[in-house]
Every structure is written in structure tokens, then in C-alpha cells.
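K.L.:
For reference, the structure I am asking about is given below.
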Amino acid sequence: MKSAKIEKGINGIINIPGDKSISHRSIIIPSISNGVCEVSNILKSEDVINTLNAFRALGVKFEETKEKLIVYGKGINSLKKSSDNIYLGNSGTSARLLIGLLASQKFDSVLTGDSSLSSRPMERIVNPLNLMNAKIDTNSGKMPIKIYGNDLKNTEIEIDIPSAQIKSGLILAALNTKGKTKIIEKHTTRNHTEIMLESFEANIDLKKNDNKTEIIIIGKKELTPKNIDVPADLSSSAFFIVAALINKNSEITLKNININPTRNGILIALKKMGANIEIINNRFINNENVADLKVKSSQLNGCELDEDIAKLMIDEYPIISIAAAFANTPSVFKGLKELRVKESDRLNLIKINLEKCGCNCKIENDNLFINPIEKLNINNQNIQTDFDHRIAMSFLVMGSRLGELYIEKSDSIKTSFPNFVEEFNRAGGNIY
Ligand code: S3P
């Protein structure tokens with residue numbers, strides 16, 4: 001797929017699909033609730049469909065209408081053994097959350113994934129689950145994974161790696177574990193699981209102390225079904241926000257965007273760079289903070305982002321790096337170790353591909369230094385994506401300002417934003 005320079009900017013009201021993290025949870029949590037839930041605006045992307053198929057295989061009934069997904073929950077301890085291995089494609093969120101959930105069920109399961117997911121670390125969720133007496137075999141810490149369903153032991157677990165996936169996997173394990181499980185999170189990460197479980201009346205208590213959060217769960221309480229309206233995805237919006245900022249004559253509106261403060265680092269960072277982003281109609285839907293955003297072309301400055309903000313915008317480094325390439329001054333983004341174990345080694349791919357576009361970059365101790373592009377350097381460059389959707393979309397945005405880029409393996413986009421190209425072109429983009 002190629003992306004070429006545009007002249008008239010990115011404009012109009014953009015349709016951003018449902019939030020990916022909340023969509024996964026809108027299948028998982030209703031499936032183990034005690035009744036029927038209606039979910040509106042769920043993201044129908046490959047990753048989320050893999051979660052849906054997993055729960056179908058585990059005996060949950062779903063009905064799909066044009067507007068809604070209806071989930072017939074089976075209760076906390078009544079999923080059924082899948083007759084086949086459960087294939088999760090590219091989706092790390094499905095894998096980490098399901099490993100936790102299935103560890104406490106009463107049957108065995110095998111989880112598999114595509115080549116990217118099969119190369120990602122799973123011991124980060126398996127090791128803490130072992131403290132609860134989980135029985136899990138891995139392929140040297142990776143997929144495929146065999147989970148031997150077991151009665152888990154409640155305990156206290158401190159999570160060292162900043163990861164909402166690890167935290168959520170442990171919370172799901174604790175829901176079906178007798179007694180009190182205490183999970184201590186040292187760094188704030190996205191809290192969609194906690195918010196949804198509170199509304200489903202789980203026995204979950206949160207105690208916050210600076211950056212540390214204690215999550216206390218008393219297991220074996222059935223969840224009360226609730227209807228969910230999934231807000232639009234800020235991570236998907238970020239591609240349009242940056243495209244509008246770096247292209248002259250742009251003005252876009254994005255509606256109903258999830259701006260949960262554990263996820264909104266990209267807005268804080270771009271504002272620090274001088275972005276013209278207006279946040280209006282700030283409100284709450286299903287206890288998630290939602291707002292509309294208005295974005296206009298802006299001359300950006302470079303900025304320094306420290307390790308703390310990384311946890312609040314971990315998926316947005318590929319796209320903010322494109323913004324940094326067009327800023328007035330250099331940028332440094334610190335503490336990006338986790339970027340190495342995403343759908344690809346994102347840290348390395350950002351550097352390799354920015355350099356192909358004429359940007360001078362350096363990685364030192366997991367910190368990324370970006371010098372703005374001085375001389376436009378495009379020669380039909382091939383962008384290496386390693387089937388990573390966020391690298392692909394970021395460099396499609398880069399092409400809209402820089403000139404023709406060829407994006408390899410761009411099919412990955414359907415894992416999170418199936419109609420990205422259509423929407424980008426409708427707003428003035430030139431992808432073909
Ligand atoms: C996610 C958490 C993040 C993020 C991923 C979605 C989630 O991963 O990168 O895209 O839905 O919990 P980590 O929590 O492993 O950093």
C-alpha cells in the first residue's frame with residue numbers, strides 16, 4: 001500500500017471506531033456475568049473478533065445485530081472446554097487476559113497465535129499466576145500455551161512490569177478464586193478492567209497511594225450484567241490527530257473519544273508540543289471519561305517526555321514520532337523498554353523507518369532521540385512494518401506530508417482499524 005502527499009489538508013468529522021481495549025473487555029466480562037448484556041459500538045476488528053471466537057469456543061452464546069452485540073453470560077465458573085485449540089491471531093490483549101481467566105476454570109485449554117504473537121513474552125503473566133498455584137505450560141515462555149484449569153490460591157502479588165494486560169489477567173483469575181487476592185500495581189496503567197468490573201458489581205476495591213494502586217478482589221461473587229456503550233478509541237484517533245496537525249489547512253472533529261486519564265498521555269504530550277487541540281463536551285459514559293476533540297494544523301515544537309508518561313501513551317510512540325519528525329526542535333522520549341515487546345520491536349522500527357525518511361534518530365538506554373527532518377528524503381521508500389498495525393498507520397500518515405511511501409505488510413491494519421484507509425481518504429488523504 002502507498003501513501004502520497006496531500007495538498008488540501010485533512011478535514012471534516014472523522015468516524016473513529018470503538019476502543020479496542022474496552023471492546024475486548026466488553027466480550028470477556030459480559031461472558032462471565034450472570035445474564036444478558038447488550039454492547040453498542042464494539043470494534044469489529046480482527047483482534048476483537050479473535051476474542052469473540054474464543055468465547056464462542058468456550059460455550060458463550062452471542063447474537064449480532066447491526067448496532068449491537070448481545071452476550072448471554074454464563075457466570076463466573078461455567079465456561080465450557082473448547083473442543084479445539086483457541087487461536088488468538090495477533091492479539092496480545094486476548095492472550096494475556098485469557099491466560100488469567102482460564103487458569104481458574106475447571107478444564108484445560110490450549111492457546112495459539114500468529115507468528116508475531118508467538119514471539120511475544122508470556123511469562124510476564126504466567127509467573128505471577130504461578131504464585132496463585134496456576135498450572136501452565138509454555139513454549140519457553142511463549143505461545144502455544146497449555147493451561148490446566150485449577151482451583152487457584154488467593155495471595156498477594158506485586159506487578160513490576162507496567163502492563164494493564166498483566167494486571168487484567170490477574171484480576172480475571174482472582175474473580176474465580178476463593179477469598180481475598182491483593183494485586184499491587186507499582187505503575188499506573190489503563191484501568192478499563194477495574195472500571196467495568198466495578199459497574200458489574202464485582203467485589204473489587206481500589207486503594208491508591210501515589211503511583212501505586214492496591215487492587216483487592218474477593219472472589220467467587222457472580223457479576224451483575226450491564227449494558228455497555230463502547231466509546232471511540234483515542235489510540236486510533238491519534239493517527240488522524242497527528243495527520244491534521246502536520247498537514248496545513250487541516251481542521252477535524254472527533255466525537256465520543258475515550259480520554260480516560262490512564263490513557264490520555266498522547267493529548268498531554270501533543271499539547272506540550274504546541275498542538276491546537278480543543279477538548280469539549282467532557283462527560284462520563286459507563287464511568288469512562290469521554291469528550292469530543294477539535295484539532296487544527298499546528299507548527300509543533302520538539303519535546304522531552306519522561307518515563308512516567310510512557311505508561312499513559314504506550315501505543316502512541318509510533319505516531320508521536322511522526323509528529324516529532326516535523327517539529328521545530330529535537331525531541332527525546334524516555335523509558336521505552338516496553339516498546340520492544342509489542343506487535344513488533346517498535347522502538348527499532350520507528351528508528352529504521354524515520355531514518356529512511358531522512359530523520360536523524362538515536363536509541364540510547366531505551367530512550368529515543370529524534371531530530372526533525374531537515375531535507376526531505378523520499379525516493380519511493382519501503383517502510384518495514386513486521387506486520388505491526390501501528391507502524392503501518394503511522395507511516396501512512398508520514399506519507400501524507402512527506403511524499404510517496406510504500407508500506408509493507410499493511411494488511412495488519414485490520415487488527416485494530418479495518419476502515420482506516422477509507423476514512424483517511426474520505427478526509428483528504430491519498431492512500432492507494
Ligand atoms: C492493552 C494494554 C497495553 C497496550 C495494548 C492494549 C490492554 O499493553 O499496549 O495495546 O488492552 O490492556 P500492556 O499492558 O502490555 O502494556
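By order in the C-alpha cells, chains are A, B, ...; within a chain, residues start at 1; ligands start at 1, following the order shown.
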So that each row is one residue of chain A with an atom at most 8 Å from ligand 1, can you give its shortest atom pair and the distance in Å to one decimal, using only C-alpha atoms and all ligand atoms, rows by chain and rising number, as CSV?

P.N.:
```
residue,atom,partner,partner_atom_place_in_ligand_line,distance
A:Lys20,CA,ligand 1,11 (O),6.8
A:Ser21,CA,ligand 1,11 (O),3.7
A:Ile22,CA,ligand 1,11 (O),7.0
A:His24,CA,ligand 1,11 (O),7.3
A:Gly92,CA,ligand 1,5 (C),7.1
A:Thr93,CA,ligand 1,11 (O),5.3
A:Pro162,CA,ligand 1,16 (O),6.3
A:Ser163,CA,ligand 1,14 (O),3.3
A:Ala164,CA,ligand 1,14 (O),3.5
A:Gln165,CA,ligand 1,14 (O),4.1
A:Ile166,CA,ligand 1,14 (O),6.4
A:Lys167,CA,ligand 1,14 (O),7.7
A:Ser168,CA,ligand 1,12 (O),6.9
A:Thr189,CA,ligand 1,14 (O),6.9
A:Arg190,CA,ligand 1,12 (O),6.7
A:His192,CA,ligand 1,12 (O),7.8
A:Lys311,CA,ligand 1,16 (O),7.3
A:Ile314,CA,ligand 1,9 (O),5.8
A:Asp315,CA,ligand 1,9 (O),5.2
A:Glu338,CA,ligand 1,16 (O),6.8
A:Lys342,CA,ligand 1,9 (O),6.7
```

K.L.:
Set out as CSV a contact list for stretch 150-266 of chain A and stretch 280-304 of chain A with a cut-off of 7 Å, giving each residue of stretch 150-266 of chain A that qualifies its closest atom pair and distance in Å to one decimal, counting only C-alpha atoms, ordered by chain and rising residue number.

P.N.:
```
residue,atom,partner,partner_atom,distance
A:Ile195,CA,A:Asn287,CA,6.7
A:Ile228,CA,A:Asn286,CA,6.7
A:Pro231,CA,A:Val290,CA,7.0
A:Ile241,CA,A:Val295,CA,6.4
A:Ala244,CA,A:Ser297,CA,5.5
A:Leu245,CA,A:Ser297,CA,4.1
A:Ile246,CA,A:Ser297,CA,6.1
A:Asn247,CA,A:Ser297,CA,6.0
A:Lys248,CA,A:Ser297,CA,5.4
A:Asn249,CA,A:Ser297,CA,6.3
A:Ser250,CA,A:Ser297,CA,5.2
A:Glu251,CA,A:Lys296,CA,4.4
A:Ile252,CA,A:Val295,CA,5.3
A:Thr253,CA,A:Lys294,CA,4.6
A:Leu254,CA,A:Leu293,CA,5.1
A:Lys255,CA,A:Asp292,CA,4.4
A:Asn256,CA,A:Ala291,CA,5.3
A:Ile257,CA,A:Val290,CA,5.3
A:Asn258,CA,A:Val290,CA,4.5
A:Ile259,CA,A:Val290,CA,5.4
A:Asn260,CA,A:Asn289,CA,5.0
```

K.L.:
Atom CA of A:Lys2 to atom CA of A:Leu339: how many Å, to one decimal?

P.N.:
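Straight-line distance from atom CA of A:Lys2 to atom CA of A:Leu339 works out to 25.2 Å.
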
K.L.:
With distances taken over only C-alpha atoms, which residue among A:Gln105, A:Ser91, A:Asn139, A:Asn227 lies nearest A:Glu38?

P.N.:
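Using only C-alpha atoms, the shortest distance to A:Glu38 belongs to A:Asn227.
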
K.L.:
Check stretch 222-333 of chain A with DSSP on the backbone and list each residue it calls strand (DSSP E), as number ranges by chain.

P.N.:
A: 228-229, 251-258, 276-285, 288-296, 304-305, 331-333

K.L.:
For A:Leu396, which residue among A:Val242, A:Ile42, A:Glu214, A:Asp345 is the nearest when counting only C-alpha atoms?

P.N.:
A:Val242

K.L.:
Which residue gives the smallest distance to A:Lys68 among A:Glu343, A:Asp366, A:Asp229, A:Glu408, with only C-alpha atoms counted?

P.N.:
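Under the stated criterion, the closest residue is A:Asp229.
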
K.L.:
DSSP says helix (DSSP H, G or I) for which residues of stretch 56-175 of chain A? Put them as a ChimeraX atom specification?

P.N.:
/A:56-57,92-103,117-119,123-130,164-175

K.L.:
Hey, what's within 10 Å of stretch 151-156 of chain A if we count only C-alpha atoms and toss same-chain stuff fewer than 5 positions away? As an mmCIF file with C-alpha atoms, in the first residue's frame, please?

P.N.:
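The resulting file, part08.cif, is reproduced below:
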```cif
data_model
loop_
_atom_site.group_PDB
_atom_site.id
_atom_site.type_symbol
_atom_site.label_atom_id
_atom_site.label_comp_id
_atom_site.auth_asym_id
_atom_site.auth_seq_id
_atom_site.Cartn_x
_atom_site.Cartn_y
_atom_site.Cartn_z
ATOM 1 C CA ALA A 103 -6.184 -20.606 34.749
ATOM 2 C CA SER A 104 -9.055 -20.624 37.271
ATOM 3 C CA GLN A 105 -11.637 -22.529 35.182
ATOM 4 C CA LYS A 106 -12.319 -26.229 35.678
ATOM 5 C CA PRO A 128 2.588 -14.144 38.739
ATOM 6 C CA LEU A 129 -0.220 -16.671 38.082
ATOM 7 C CA ASN A 130 2.115 -19.418 39.327
ATOM 8 C CA LEU A 131 2.103 -17.634 42.705
ATOM 9 C CA MET A 132 -1.630 -18.459 42.765
ATOM 10 C CA ASN A 133 -0.856 -22.157 42.039
ATOM 11 C CA ALA A 134 -1.761 -21.934 38.352
ATOM 12 C CA LYS A 135 -0.619 -24.839 36.177
ATOM 13 C CA ALA A 173 -8.042 -15.084 37.679
ATOM 14 C CA ALA A 174 -8.894 -13.622 41.100
ATOM 15 C CA ASN A 176 -12.992 -17.067 40.314
ATOM 16 C CA THR A 177 -10.631 -17.646 43.269
ATOM 17 C CA LYS A 178 -11.968 -18.100 46.789
ATOM 18 C CA GLY A 179 -11.058 -15.397 49.330
ATOM 19 C CA LYS A 180 -9.034 -12.203 49.053
ATOM 20 C CA THR A 181 -6.467 -11.638 46.307
ATOM 21 C CA LYS A 182 -4.395 -8.465 46.534
ATOM 22 C CA ILE A 183 -2.715 -7.182 43.366
ATOM 23 C CA ILE A 184 -0.283 -4.305 43.811
ATOM 24 C CA GLU A 214 -3.740 -1.880 45.529
ATOM 25 C CA ILE A 215 -6.499 -3.891 43.885
ATOM 26 C CA ILE A 216 -8.326 -6.120 46.331
ATOM 27 C CA ILE A 217 -10.704 -8.751 44.998
ATOM 28 C CA ILE A 218 -12.871 -11.118 46.965
ATOM 29 C CA GLY A 219 -13.523 -13.913 44.508
#
```
